[in-house]
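S.K.: One structure coming up, written as structure tokens, with questions to follow.
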Amino acid sequence: MDLSPIQNALSSGSYATIADTCDELMLQLASRGVRHQDDWPYAVHLLGYIFVNDLNSARFLWKSMPMENKESSPEVVAVWKIGKNIWNRDYSRVYEAIREFEWSAEIADMVAAFSEKYTEKMFQMLNSAYSTISVEEVAKFLGMSEDKATNYSLQHGWKLDTSCKMLTVQKPITVTSQRLLGSSKLQRLTEYVFHLEH
């Protein structure tokens, strides 16, 4: 079984394409009648779905996976633990699941990239959902110590009130551009409105 497309995606850091690559390869093997369940890189495939936030496909893969593969691969179970915690919205345990397992060299970089991406996603969620939030809560959402969470937040422009350990969210300034209508477009619009009124 040639898994080189998956290996190429891993080695090039194209983590967002791994789930699709695995799906295509699995379909090709199944269409040719090749038995692949024993040697399939389930941990990579599962993490590929989690990386692109396709939790439904991750759950389906987990449920369709042969029990022997789950029992024989602690790494598959560890990847699923990440997905399960995301599904349950248990944000701090997502980071615990990432940190508590000794990842193989094959997917260690992908797990690190996912962790960074997930931290950025959680920070953006906090940025849009809160105007002020405690340092303790930020640390929980970002899976960091309070000191690291404070530094991370300050680096992103948030303000700290040291007296009550609260962070004030600095909303990003959004610049909206207004399109000016050209004189010919304005003339056509005027004629159209005039036509509707009369």
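Chains: A, B, ... in order of the structure tokens. Residues: from 1 per chain. Ligands: from 1, in order shown.
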So that I can see what lies close to Thr132 (chain A), please list as a VMD selection string the residues with an atom at most 9 Å from it, counting only C-alpha atoms and leaving out residues fewer than 6 positions away in the same chain.

M.R.: chain A and resid 166 to 169

S.K.: Given the selection you just returned, output its residues as a file containing all heavy atoms, formatted as an mmCIF file, in the first residue's frame.

M.R.:
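The result, written out as result-v2.cif:
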data_model
loop_
_atom_site.group_PDB
_atom_site.id
_atom_site.type_symbol
_atom_site.label_atom_id
_atom_site.label_comp_id
_atom_site.auth_asym_id
_atom_site.auth_seq_id
_atom_site.Cartn_x
_atom_site.Cartn_y
_atom_site.Cartn_z
ATOM 1 N N MET A 166 -7.958 41.453 35.681
ATOM 2 C CA MET A 166 -8.903 41.405 34.567
ATOM 3 C C MET A 166 -8.228 41.966 33.322
ATOM 4 O O MET A 166 -7.465 42.925 33.403
ATOM 5 C CB MET A 166 -10.162 42.224 34.877
ATOM 6 C CG MET A 166 -11.021 41.678 35.998
ATOM 7 S SD MET A 166 -11.818 40.122 35.600
ATOM 8 C CE MET A 166 -13.103 40.661 34.495
ATOM 9 N N LEU A 167 -8.533 41.358 32.208
ATOM 10 C CA LEU A 167 -8.017 41.815 30.924
ATOM 11 C C LEU A 167 -9.133 42.503 30.160
ATOM 12 O O LEU A 167 -10.263 42.015 30.124
ATOM 13 C CB LEU A 167 -7.489 40.637 30.108
ATOM 14 C CG LEU A 167 -6.176 40.037 30.611
ATOM 15 C CD1 LEU A 167 -5.991 38.630 30.075
ATOM 16 C CD2 LEU A 167 -5.016 40.918 30.202
ATOM 17 N N THR A 168 -8.804 43.637 29.575
ATOM 18 C CA THR A 168 -9.751 44.352 28.727
ATOM 19 C C THR A 168 -9.404 44.029 27.292
ATOM 20 O O THR A 168 -8.277 44.226 26.844
ATOM 21 C CB THR A 168 -9.673 45.877 28.960
ATOM 22 O OG1 THR A 168 -9.923 46.136 30.343
ATOM 23 C CG2 THR A 168 -10.680 46.609 28.105
ATOM 24 N N VAL A 169 -10.390 43.509 26.598
ATOM 25 C CA VAL A 169 -10.210 43.078 25.218
ATOM 26 C C VAL A 169 -10.089 44.292 24.315
ATOM 27 O O VAL A 169 -10.844 45.246 24.440
ATOM 28 C CB VAL A 169 -11.408 42.204 24.785
ATOM 29 C CG1 VAL A 169 -11.314 41.838 23.321
ATOM 30 C CG2 VAL A 169 -11.496 40.960 25.655
#

S.K.: Name all residues at most 12 Å from Ile133 (chain A) (count only C-alpha atoms; drop same-chain ones fewer than 5 positions away) and give them as a ChimeraX atom specification.

M.R.: /A:123,126-128,138-141,149-150,153,158-161,164-170

S.K.: Could you pull out the helix (DSSP H, G or I) residues of region 29-140 of chain A, going by DSSP on the backbone, and write them as a ChimeraX atom specification?

M.R.: /A:29-31,42-51,55-64,67-72,74-87,91-99,108-129,135-140

S.K.: Using only C-alpha atoms, which protein or nucleic acid residues come within 12 Å of Lys81 (chain A)? Drop anything in the same chain fewer than 6 positions from it, and give the result as a PyMOL selection string.

M.R.: chain A and resi 43+46-47+50+58-59+62+70+74-75+87-88+90-91+93-101

S.K.: Dump C-alpha atoms for the selected residues as a short mmCIF file (atom, residue, chain, number, x, y, z; two decimals), in the first residue's frame?

M.R.:
data_model
loop_
_atom_site.label_atom_id
_atom_site.label_comp_id
_atom_site.auth_asym_id
_atom_site.auth_seq_id
_atom_site.Cartn_x
_atom_site.Cartn_y
_atom_site.Cartn_z
CA ALA A 43 -3.99 8.70 13.92
CA LEU A 46 -8.22 11.43 12.55
CA LEU A 47 -5.93 14.37 13.30
CA ILE A 50 -9.59 17.60 13.69
CA ALA A 58 -13.65 12.51 12.86
CA ARG A 59 -16.45 10.93 14.91
CA TRP A 62 -13.58 6.81 15.07
CA LYS A 70 -8.12 1.41 18.72
CA PRO A 74 -2.45 4.50 22.04
CA GLU A 75 -1.69 7.37 19.66
CA TRP A 87 -16.64 18.15 20.78
CA ASN A 88 -17.51 18.55 24.48
CA ASP A 90 -13.80 21.25 27.30
CA TYR A 91 -11.14 23.70 26.16
CA ARG A 93 -8.65 19.44 28.45
CA VAL A 94 -7.87 19.82 24.75
CA TYR A 95 -4.50 21.22 25.77
CA GLU A 96 -4.07 18.56 28.46
CA ALA A 97 -4.67 15.85 25.85
CA ILE A 98 -2.06 17.45 23.59
CA ARG A 99 0.56 17.77 26.34
CA GLU A 100 0.10 14.47 28.15
CA PHE A 101 0.98 12.17 25.23
#

S.K.: For the atom pair CA of His45 (chain A) and CA of Ser4 (chain A), what is the interatomic distance in Å to one decimal place?

M.R.: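 About the pair CA of His45 (chain A) and CA of Ser4 (chain A): they are 13.7 Å apart.
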
S.K.: Taking the chain letters and numbering used in this document, name the residues of chain A that DSSP puts in strand (DSSP E), as a list of chain:residue names.

M.R.: A:Thr132, A:Ile133, A:Ser134, A:Lys159, A:Leu160, A:Asp161, A:Met166, A:Leu167, A:Thr168
